>>> print(open('start31.cif').read())   # mmCIF, C-alpha atoms
data_final
#
loop_
_atom_site.label_atom_id
_atom_site.label_comp_id
_atom_site.auth_asym_id
_atom_site.auth_seq_id
_atom_site.Cartn_x
_atom_site.Cartn_y
_atom_site.Cartn_z
CA MET A 1 195.24 12.30 103.17
CA PHE A 2 193.97 13.89 106.34
CA LEU A 3 193.83 17.24 104.58
CA VAL A 4 191.78 15.81 101.72
CA ALA A 5 189.39 14.20 104.18
CA LEU A 6 189.08 17.45 106.08
CA LEU A 7 188.34 19.36 102.89
CA MET A 8 185.71 16.82 101.90
CA VAL A 9 184.03 17.06 105.28
CA LEU A 10 184.11 20.85 105.08
CA SER A 11 182.63 20.95 101.61
CA ALA A 12 179.98 18.39 102.47
CA SER A 13 178.96 20.12 105.68
CA GLY A 14 177.09 22.85 103.96
CA THR A 15 179.59 25.30 102.58
CA ALA A 16 177.17 27.45 100.64
CA GLN A 17 177.34 27.23 96.88
CA ASN A 18 178.85 30.08 94.94
CA ILE A 19 176.15 32.12 93.30
CA ALA A 20 177.21 33.27 89.86
CA VAL A 21 175.91 36.56 88.50
CA ILE A 22 175.10 36.11 84.84
CA ASN A 23 174.13 38.51 82.07
CA ARG A 24 171.33 37.88 79.61
CA SER A 25 173.56 36.39 76.89
CA GLU A 26 174.82 33.82 79.36
CA LEU A 27 171.24 33.00 80.29
CA TYR A 28 170.22 32.59 76.63
CA ALA A 29 173.16 30.22 76.14
CA LEU A 30 172.07 28.17 79.14
CA LEU A 31 168.48 27.95 77.88
CA ALA A 32 169.65 26.98 74.39
CA LYS A 33 171.51 23.86 75.56
CA ASN A 34 170.11 21.01 73.56
CA ASP A 35 171.13 17.73 75.17
CA ASP A 36 169.47 14.83 76.95
CA THR A 37 169.16 16.64 80.30
CA VAL A 38 165.82 17.98 81.47
CA ARG A 39 166.37 21.52 82.71
CA VAL A 40 163.88 23.09 85.09
CA VAL A 41 164.59 26.82 85.14
CA ASN A 42 162.71 28.75 87.79
CA PHE A 43 162.64 32.57 87.99
CA TRP A 44 162.24 33.80 91.56
CA ALA A 45 163.28 36.36 94.16
CA THR A 46 163.96 36.09 97.89
CA TRP A 47 161.06 38.34 98.90
CA CYS A 48 158.52 36.81 96.49
CA GLY A 49 156.08 34.87 98.70
CA PRO A 50 154.79 32.36 96.12
CA CYS A 51 158.36 31.76 94.90
CA VAL A 52 159.58 30.93 98.38
CA ALA A 53 156.52 28.74 98.95
CA GLU A 54 157.23 26.55 95.92
CA MET A 55 161.00 26.44 96.39
CA PRO A 56 161.05 23.26 98.55
CA TYR A 57 159.48 21.37 95.61
CA PHE A 58 162.28 22.42 93.28
CA GLU A 59 164.91 21.57 95.89
CA ARG A 60 163.38 18.13 96.50
CA LEU A 61 163.26 17.51 92.75
CA GLU A 62 166.99 18.23 92.54
CA ARG A 63 167.91 16.18 95.62
CA ASN A 64 165.82 13.18 94.64
CA LYS A 65 166.75 13.06 90.98
CA GLY A 66 168.95 9.97 91.42
CA GLU A 67 170.23 8.80 88.06
CA GLN A 68 167.84 10.98 86.06
CA LYS A 69 169.47 13.49 83.76
CA LEU A 70 167.84 16.49 85.30
CA GLN A 71 169.04 19.88 86.47
CA VAL A 72 167.15 22.45 88.51
CA ILE A 73 168.36 26.02 87.99
CA LEU A 74 166.98 28.79 90.20
CA VAL A 75 167.46 32.16 88.52
CA SER A 76 167.12 34.95 91.06
CA LEU A 77 165.76 38.27 89.88
CA ASP A 78 166.65 40.03 93.12
CA PHE A 79 168.29 43.39 92.65
CA THR A 80 172.02 42.91 92.06
CA SER A 81 172.79 45.04 95.11
CA GLN A 82 170.97 42.43 97.24
CA LEU A 83 173.25 39.51 96.33
CA LYS A 84 175.26 39.50 99.56
CA LYS A 85 172.54 41.01 101.72
CA ARG A 86 169.68 38.70 100.80
CA VAL A 87 170.36 36.04 98.19
CA VAL A 88 173.50 34.50 99.72
CA PRO A 89 172.00 34.26 103.25
CA PHE A 90 168.76 32.84 101.82
CA VAL A 91 170.57 30.08 99.91
CA LYS A 92 172.83 29.34 102.87
CA LYS A 93 169.99 29.14 105.36
CA ARG A 94 168.07 26.68 103.20
CA LYS A 95 171.24 24.81 102.22
CA LEU A 96 170.03 24.79 98.64
CA GLN A 97 171.69 22.22 96.42
CA ALA A 98 169.86 23.28 93.26
CA GLN A 99 172.02 25.67 91.30
CA VAL A 100 171.28 29.32 92.03
CA LEU A 101 172.18 32.11 89.62
CA LEU A 102 171.48 35.82 89.82
CA LEU A 103 170.47 37.50 86.58
CA ASP A 104 171.93 40.94 85.93
CA GLY A 105 169.99 41.32 82.72
CA GLY A 106 169.45 45.04 82.28
CA ASP A 107 166.09 46.22 80.92
CA PRO A 108 163.62 43.30 81.31
CA ASN A 109 161.77 44.55 78.24
CA GLU A 110 164.85 43.47 76.27
CA TRP A 111 164.97 39.93 77.63
CA ILE A 112 161.54 38.72 78.80
CA ASP A 113 160.32 37.94 75.27
CA GLN A 114 163.67 36.36 74.40
CA ILE A 115 163.19 33.92 77.26
CA GLU A 116 159.50 33.27 76.62
CA PRO A 117 157.06 35.42 74.60
CA ARG A 118 154.09 34.28 76.71
CA TRP A 119 155.73 35.49 79.92
CA THR A 120 154.09 38.70 81.17
CA GLY A 121 156.93 39.31 83.61
CA SER A 122 155.43 38.19 86.91
CA ILE A 123 157.25 35.70 89.13
CA PRO A 124 157.40 32.87 89.88
CA ALA A 125 157.73 31.59 86.33
CA THR A 126 159.22 28.27 85.28
CA LEU A 127 160.60 26.77 82.07
CA PHE A 128 160.86 23.03 81.45
CA LEU A 129 163.40 22.31 78.71
CA TYR A 130 164.35 19.05 77.04
CA ARG A 131 165.97 18.50 73.66
CA GLY A 132 164.78 21.79 72.25
CA LYS A 133 161.22 21.31 73.52
CA ARG A 134 159.70 23.49 76.19
CA ILE A 135 156.83 24.01 78.59
CA PHE A 136 156.35 27.39 80.23
CA TYR A 137 154.35 28.07 83.38
CA GLU A 138 153.77 31.49 84.95
CA GLY A 139 152.60 31.31 88.56
CA GLN A 140 153.05 29.17 91.64
CA LEU A 141 153.32 25.41 91.05
CA THR A 142 152.15 22.57 93.20
CA GLU A 143 154.63 19.76 93.72
CA GLN A 144 152.36 17.48 91.69
CA ALA A 145 152.24 19.91 88.76
CA LEU A 146 156.03 20.32 88.88
CA HIS A 147 156.56 16.57 88.51
CA SER A 148 153.85 16.35 85.90
CA TYR A 149 155.52 19.01 83.72
CA VAL A 150 158.90 17.28 84.06
CA ASN A 151 157.32 14.11 82.69
CA GLN A 152 155.37 15.94 80.01
CA VAL A 153 158.30 17.81 78.53
CA LYS A 154 160.03 14.47 77.96
CA GLN A 155 156.99 13.17 76.10
CA LEU A 156 156.42 16.15 73.84
CA PRO A 157 156.64 15.20 70.16
CA MET B 1 145.99 10.31 81.86
CA LYS B 2 143.63 12.00 84.27
CA GLN B 3 146.55 14.04 85.53
CA PHE B 4 147.41 15.06 82.01
CA PHE B 5 143.89 16.39 81.42
CA LEU B 6 144.00 18.27 84.70
CA VAL B 7 147.20 19.97 83.60
CA VAL B 8 145.73 20.82 80.20
CA LEU B 9 142.69 22.22 81.98
CA ALA B 10 144.93 24.23 84.31
CA LEU B 11 146.81 25.63 81.31
CA PHE B 12 143.53 26.54 79.66
CA ILE B 13 142.29 28.32 82.78
CA SER B 14 145.57 30.18 83.28
CA ASN B 15 145.42 31.33 79.66
CA LEU B 16 141.88 32.59 80.21
CA ALA B 17 143.07 34.52 83.23
CA LEU B 18 145.72 36.10 81.04
CA ALA B 19 143.21 37.43 78.52
CA GLN B 20 143.87 41.11 78.76
CA TYR B 21 143.45 44.53 77.20
CA LYS B 22 145.62 45.20 74.22
CA THR B 23 146.59 48.63 72.99
CA GLY B 24 143.70 50.05 71.01
CA ASP B 25 141.07 48.38 73.19
CA GLN B 26 138.47 50.42 75.03
CA ALA B 27 139.08 50.41 78.78
CA ARG B 28 136.25 50.28 81.25
CA ASP B 29 135.73 52.77 84.05
CA PHE B 30 135.54 51.67 87.67
CA LYS B 31 134.27 52.85 91.03
CA LEU B 32 136.77 51.99 93.74
CA LYS B 33 137.44 53.16 97.28
CA ASN B 34 140.29 55.58 97.86
CA THR B 35 142.41 55.64 101.03
CA ASP B 36 140.36 58.66 102.20
CA GLY B 37 137.23 56.50 102.10
CA LYS B 38 135.71 58.21 99.03
CA MET B 39 134.78 56.38 95.88
CA VAL B 40 136.72 57.31 92.74
CA SER B 41 135.74 56.90 89.07
CA MET B 42 137.56 58.16 86.02
CA SER B 43 134.32 59.76 84.78
CA LYS B 44 134.65 62.32 87.60
CA PHE B 45 137.82 63.76 86.06
CA LYS B 46 136.07 65.96 83.50
CA ASP B 47 139.20 67.85 82.45
CA ALA B 48 141.47 64.85 82.09
CA LYS B 49 142.70 63.91 78.62
CA GLY B 50 143.49 60.47 79.88
CA PHE B 51 144.98 58.55 82.80
CA ILE B 52 148.06 56.76 83.98
CA VAL B 53 146.51 53.73 85.69
CA VAL B 54 149.12 51.93 87.80
CA PHE B 55 148.39 48.56 89.38
CA THR B 56 150.70 48.56 92.37
CA CYS B 57 150.77 47.60 96.04
CA ASN B 58 152.51 48.13 99.37
CA HIS B 59 154.65 45.06 99.87
CA CYS B 60 156.33 44.49 96.51
CA PRO B 61 159.94 45.69 96.30
CA TRP B 62 159.53 46.55 92.62
CA SER B 63 156.50 48.71 93.48
CA GLN B 64 158.46 50.31 96.30
CA ALA B 65 161.39 50.98 93.97
CA TYR B 66 159.02 52.84 91.64
CA GLU B 67 156.95 54.62 94.30
CA GLN B 68 158.74 57.95 94.08
CA ARG B 69 158.82 57.79 90.29
CA ILE B 70 155.02 57.26 90.26
CA VAL B 71 154.60 60.40 92.40
CA GLU B 72 156.84 62.28 89.96
CA LEU B 73 154.82 61.04 86.98
CA ASP B 74 151.67 62.42 88.56
CA LYS B 75 153.28 65.76 89.36
CA LYS B 76 154.63 66.06 85.84
CA TYR B 77 151.56 64.97 83.88
CA LYS B 78 148.51 65.81 85.99
CA ASP B 79 148.55 69.43 84.83
CA LYS B 80 149.00 68.26 81.26
CA GLY B 81 145.82 66.20 81.54
CA TYR B 82 147.12 62.75 82.47
CA PRO B 83 146.82 62.16 86.23
CA VAL B 84 147.96 58.96 87.95
CA ILE B 85 145.42 56.59 89.46
CA ALA B 86 147.02 53.84 91.52
CA ILE B 87 145.12 50.62 92.22
CA ASN B 88 146.03 47.88 94.68
CA PRO B 89 144.53 44.57 93.50
CA ASN B 90 146.15 42.21 96.00
CA ASP B 91 144.23 39.93 98.32
CA PRO B 92 145.18 41.05 101.87
CA ASP B 93 144.39 37.56 103.19
CA GLN B 94 147.43 36.37 101.29
CA GLN B 95 149.55 39.48 101.72
CA PRO B 96 148.59 41.28 104.96
CA GLU B 97 150.97 44.12 104.10
CA ASP B 98 148.57 45.03 101.28
CA SER B 99 145.57 45.62 103.56
CA PHE B 100 143.51 48.79 103.32
CA ASP B 101 144.92 50.08 106.62
CA GLU B 102 148.46 49.61 105.33
CA MET B 103 147.47 51.37 102.11
CA LYS B 104 146.38 54.40 104.15
CA LYS B 105 149.81 54.55 105.78
CA ARG B 106 151.59 54.05 102.47
CA ALA B 107 149.56 56.75 100.69
CA LYS B 108 150.86 59.59 102.82
CA GLY B 109 152.60 61.88 100.36
CA TYR B 110 150.74 60.49 97.37
CA THR B 111 149.40 63.26 95.13
CA PHE B 112 147.00 60.82 93.43
CA PRO B 113 144.23 58.39 94.46
CA TYR B 114 145.32 55.01 95.78
CA LEU B 115 142.34 52.71 95.29
CA VAL B 116 141.52 49.26 96.56
CA ASP B 117 140.26 46.75 94.00
CA ASP B 118 138.79 44.44 96.61
CA THR B 119 136.88 42.23 94.18
CA GLN B 120 139.92 42.18 91.86
CA ASP B 121 137.49 42.68 88.96
CA VAL B 122 139.29 45.71 87.58
CA ALA B 123 142.70 44.03 87.56
CA ARG B 124 141.13 40.94 86.00
CA ASP B 125 139.29 42.93 83.30
CA TYR B 126 142.38 44.97 82.45
CA GLY B 127 144.50 41.83 82.45
CA ALA B 128 147.06 43.08 84.94
CA THR B 129 149.33 40.28 86.10
CA ARG B 130 151.97 41.99 88.19
CA THR B 131 152.82 45.05 90.24
CA PRO B 132 153.72 47.55 89.03
CA HIS B 133 151.79 47.23 85.76
CA VAL B 134 150.92 50.46 83.93
CA TYR B 135 148.06 51.25 81.53
CA VAL B 136 148.04 54.64 79.83
CA LEU B 137 144.49 55.52 78.77
CA ASN B 138 143.57 58.26 76.32
CA LYS B 139 140.14 59.88 75.94
CA GLU B 140 139.09 59.60 72.32
CA GLU B 141 135.55 60.55 71.26
CA GLY B 142 134.32 60.05 74.79
CA LYS B 143 135.90 56.64 75.14
CA LEU B 144 138.91 55.58 77.17
CA VAL B 145 141.33 53.87 74.81
CA VAL B 146 144.36 51.89 75.99
CA ARG B 147 147.43 53.40 74.34
CA TYR B 148 150.26 51.95 76.38
CA ILE B 149 150.71 48.85 78.55
CA GLY B 150 153.84 47.94 80.43
CA ALA B 151 156.78 49.19 82.40
CA ILE B 152 157.52 52.65 83.77
CA ASP B 153 161.10 52.73 82.54
CA ASP B 154 164.07 50.49 81.82
CA ASN B 155 165.85 50.44 85.19
CA THR B 156 163.96 49.46 88.33
CA GLU B 157 166.92 49.29 90.65
CA PHE B 158 168.80 52.47 89.72
CA PRO B 159 166.59 55.51 88.91
CA ASP B 160 169.67 57.54 87.99
CA LYS B 161 170.63 55.03 85.30
CA VAL B 162 167.30 55.09 83.47
CA SER B 163 167.72 55.68 79.76
CA LYS B 164 164.27 54.78 78.40
CA ARG B 165 161.24 56.39 80.06
CA TYR B 166 158.54 54.26 78.51
CA VAL B 167 155.46 55.83 80.15
CA GLU B 168 156.71 59.38 79.62
CA ASP B 169 157.50 58.62 75.98
CA ALA B 170 153.97 57.28 75.47
CA ILE B 171 152.31 60.32 77.04
CA ASN B 172 154.58 62.71 75.20
CA ASP B 173 153.50 61.06 71.95
CA LEU B 174 149.86 61.49 72.97
CA LEU B 175 150.48 65.14 73.88
CA ASP B 176 152.17 65.64 70.50
CA GLY B 177 149.11 64.13 68.86
CA VAL B 178 151.09 61.34 67.22
CA TYR B 179 150.66 57.59 67.36
CA VAL B 180 152.28 56.07 70.46
CA ARG B 181 155.42 54.57 68.96
CA ASN B 182 156.11 52.04 71.69
CA GLY B 183 152.77 50.82 73.01
CA ASN B 184 153.91 47.70 74.80
CA THR B 185 156.79 46.84 77.07
CA LYS B 186 157.39 44.10 79.57
CA ALA B 187 158.79 44.34 83.05
CA VAL B 188 159.44 42.06 85.96
CA GLY B 189 157.02 42.45 88.82
CA CYS B 190 155.37 40.73 91.76
CA THR B 191 152.53 38.42 90.82
CA ILE B 192 149.16 39.85 91.71
CA LYS B 193 147.94 37.91 94.75
CA TRP B 194 144.61 36.55 93.50
CA LYS B 195 142.01 35.36 95.98
CA LYS B 196 141.94 31.62 96.36
CA SER B 197 138.62 30.43 95.01
#
>>> encode(input="start31.cif", output="structure tokens")
Amino acid sequence: MFLVALLMVLSASGTAQNIAVINRSELYALLAKNDDTVRVVNFWATWCGPCVAEMPYFERLERNKGEQKLQVILVSLDFTSQLKKRVVPFVKKRKLQAQVLLLDGGDPNEWIDQIEPRWTGSIPATLFLYRGKRIFYEGQLTEQALHSYVNQVKQLP
Amino acid sequence: MKQFFLVVLALFISNLALAQYKTGDQARDFKLKNTDGKMVSMSKFKDAKGFIVVFTCNHCPWSQAYEQRIVELDKKYKDKGYPVIAINPNDPDQQPEDSFDEMKKRAKGYTFPYLVDDTQDVARDYGATRTPHVYVLNKEEGKLVVRYIGAIDDNTEFPDKVSKRYVEDAINDLLDGVYVRNGNTKAVGCTIKWKKS
């Protein structure tokens, strides 16, 4: 009993989440999920100023989601060699609860259009997905716009 | 409802900003300041057959990863008629590392001009959205025609694992006098830091 309590305390007191490295097929599968959860998928990198600036909005969205079926997924495009050096410390320092993944996708020319044909490849870029419908935004979001897109994707015909 | 219209308006504006050159379009010349203080235009390069115009900057790790490869592109293709012209479009107010003074430091060892696009008009007219973002231009009947837009190659992180050299392939096609087979590629890059209006 004590041990269980101890483990719970340890896990609650900010043990950093495990950051999975995924390939592009795994990312496509994630984006193709077609259920009643709104997925907000943000493409970012640790050294990308506008990405870091908008990150608190995504984190707040995840933390304040309550009973809403909503998932924020932060897909890092940092170089794979920077996972331990930069991405893990970044996520730990900010105690991010939103799921963080690192994409090891190979040639971006092979996957950018698969993710979103309108995407020119700059980050930040964000997808809002709900029941097979989508909104795509390339650029830095305001917190108001983020919430607005979450609502809009649910109302798309 | 008002919010909804604002978002639609924002989408409309962001789409306008993304209007950009396509392959086959005529590219415009420019007159921009080099790190040595002199103004540079493409019209001054009488012997050039075309240009490798690279929108890049100081601070971006993807630009840094490609820096040496950009120097090598210039060394390889300048003598064949396709010199590199690098342009930094970023607003230094938002990214102090991309200031003109920092450009001067960065440009040591560059064999090509490194120009500042301080009004951002050139980047906007070309439709560049990220750094690095490459436009290969070809002189055809006195006009500069865009023949390739996109990435330098297929592996930013590991130069020794590159298998597709997109820019080189495009220029080699031009040098062979054939149609550029792969005129468009996409790459990940840092967003151009536009001035806040």
>>> atom_distance(input="start31.cif", atom1="atom CA of B:Val180", atom2="atom CA of B:Asp125")
22.5 Å
>>> residues_around(input="start31.cif", residues="stretch 172-178 of chain B", least_positions_apart="6", cutoff="12 Å", atoms="all atoms listed in the file", output="PyMOL selection string")
chain B and resi 49-51+73+76-77+79-82+136-140+145-148+165-166
>>> write_last_selection(input="start31.cif", atoms="C-alpha atoms", output="short mmCIF file (atom, residue, chain, number, x, y, z; two decimals), in the frame of the given file")
data_model
loop_
_atom_site.label_atom_id
_atom_site.label_comp_id
_atom_site.auth_asym_id
_atom_site.auth_seq_id
_atom_site.Cartn_x
_atom_site.Cartn_y
_atom_site.Cartn_z
CA LYS B 49 142.70 63.91 78.62
CA GLY B 50 143.49 60.47 79.88
CA PHE B 51 144.98 58.55 82.80
CA LEU B 73 154.82 61.04 86.98
CA LYS B 76 154.63 66.06 85.84
CA TYR B 77 151.56 64.97 83.88
CA ASP B 79 148.55 69.43 84.83
CA LYS B 80 149.00 68.26 81.26
CA GLY B 81 145.82 66.20 81.54
CA TYR B 82 147.12 62.75 82.47
CA VAL B 136 148.04 54.64 79.83
CA LEU B 137 144.49 55.52 78.77
CA ASN B 138 143.57 58.26 76.32
CA LYS B 139 140.14 59.88 75.94
CA GLU B 140 139.09 59.60 72.32
CA VAL B 145 141.33 53.87 74.81
CA VAL B 146 144.36 51.89 75.99
CA ARG B 147 147.43 53.40 74.34
CA TYR B 148 150.26 51.95 76.38
CA ARG B 165 161.24 56.39 80.06
CA TYR B 166 158.54 54.26 78.51
#
>>> interface_residues(input="start31.cif", of="chain B", to="chain A", cutoff="7 Å", atoms="all atoms listed in the file", output="list of chain:residue names")
B:Thr129, B:Arg130, B:Asp154, B:Asn155, B:Glu157, B:Thr185, B:Lys186, B:Ala187, B:Val188, B:Gly189, B:Cys190, B:Thr191
>>> write_last_selection(input="start31.cif", atoms="C-alpha atoms", output="mmCIF file, keeping the file's coordinate frame")
data_model
loop_
_atom_site.group_PDB
_atom_site.id
_atom_site.type_symbol
_atom_site.label_atom_id
_atom_site.label_comp_id
_atom_site.auth_asym_id
_atom_site.auth_seq_id
_atom_site.Cartn_x
_atom_site.Cartn_y
_atom_site.Cartn_z
ATOM 1 C CA THR B 129 149.330 40.280 86.100
ATOM 2 C CA ARG B 130 151.970 41.990 88.190
ATOM 3 C CA ASP B 154 164.070 50.490 81.820
ATOM 4 C CA ASN B 155 165.850 50.440 85.190
ATOM 5 C CA GLU B 157 166.920 49.290 90.650
ATOM 6 C CA THR B 185 156.790 46.840 77.070
ATOM 7 C CA LYS B 186 157.390 44.100 79.570
ATOM 8 C CA ALA B 187 158.790 44.340 83.050
ATOM 9 C CA VAL B 188 159.440 42.060 85.960
ATOM 10 C CA GLY B 189 157.020 42.450 88.820
ATOM 11 C CA CYS B 190 155.370 40.730 91.760
ATOM 12 C CA THR B 191 152.530 38.420 90.820
#
>>> closest_residue(input="start31.cif", among="A:Val75, A:Val38, A:Leu70, A:Leu103", to="A:Gln155", atoms="only C-alpha atoms")
A:Val38
>>> residues_near_point(input="start31.cif", point="(143.2, 50.0, 101.3)", cutoff="6 Å", atoms="all atoms listed in the file", output="count of residues only")
6
>>> resolve_selection(input="start31.cif", expression="the PyMOL selection byres ((chain B and resi 42) around 9)", output="compact mmCIF listing (two decimals) with C-alpha atoms, in the frame of the given file")
# COMPACT_ATOMS: atom_id res chain seq x y z
CA ASP B 29 135.73 52.77 84.05
CA PHE B 30 135.54 51.67 87.67
CA LYS B 31 134.27 52.85 91.03
CA VAL B 40 136.72 57.31 92.74
CA SER B 41 135.74 56.90 89.07
CA SER B 43 134.32 59.76 84.78
CA LYS B 44 134.65 62.32 87.60
CA PHE B 45 137.82 63.76 86.06
CA LYS B 46 136.07 65.96 83.50
CA ALA B 48 141.47 64.85 82.09
CA GLY B 50 143.49 60.47 79.88
CA PHE B 51 144.98 58.55 82.80
CA ILE B 85 145.42 56.59 89.46
>>> residues_around(input="start31.cif", residues="B:Lys195", least_positions_apart="5", cutoff="12 Å", atoms="all atoms listed in the file", output="PyMOL selection string")
chain B and resi 89-95+117-121+124
>>> resolve_selection(input="start31.cif", expression="the PyMOL selection byres ((chain A and resi 101) around 7)", output="ChimeraX atom specification")
/A:19-22,74-76,99-100,102-103
>>> decode(input="start31.cif", residues="stretch 104-115 of chain B", atoms="N, CA and C atoms", output="tab-separated table (two decimals), in the first residue's frame")
chain	number	residue	atom	x	y	z
B	104	LYS	N	27.21	39.96	-41.15
B	104	LYS	CA	28.60	40.20	-41.55
B	104	LYS	C	29.52	39.15	-40.93
B	105	LYS	N	29.26	38.83	-39.66
B	105	LYS	CA	30.09	37.81	-38.99
B	105	LYS	C	29.88	36.44	-39.63
B	106	ARG	N	28.62	36.15	-39.92
B	106	ARG	CA	28.26	34.83	-40.46
B	106	ARG	C	28.86	34.64	-41.86
B	107	ALA	N	28.97	35.73	-42.62
B	107	ALA	CA	29.33	35.63	-44.04
B	107	ALA	C	30.81	35.37	-44.27
B	108	LYS	N	31.59	35.38	-43.20
B	108	LYS	CA	33.02	35.11	-43.39
B	108	LYS	C	33.16	33.69	-43.96
B	109	GLY	N	33.85	33.58	-45.07
B	109	GLY	CA	33.98	32.27	-45.70
B	109	GLY	C	32.93	32.01	-46.78
B	110	TYR	N	31.96	32.92	-46.89
B	110	TYR	CA	30.99	32.78	-47.97
B	110	TYR	C	31.65	33.20	-49.28
B	111	THR	N	31.42	32.43	-50.33
B	111	THR	CA	31.98	32.74	-51.65
B	111	THR	C	30.95	33.46	-52.51
B	112	PHE	N	29.82	33.84	-51.88
B	112	PHE	CA	28.68	34.40	-52.63
B	112	PHE	C	28.13	35.58	-51.84
B	113	PRO	N	27.33	36.44	-52.48
B	113	PRO	CA	26.73	37.56	-51.75
B	113	PRO	C	25.73	37.06	-50.69
B	114	TYR	N	25.70	37.76	-49.58
B	114	TYR	CA	24.70	37.47	-48.54
B	114	TYR	C	23.95	38.78	-48.30
B	115	LEU	N	22.75	38.88	-48.85
B	115	LEU	CA	22.04	40.16	-48.94
B	115	LEU	C	20.97	40.28	-47.88
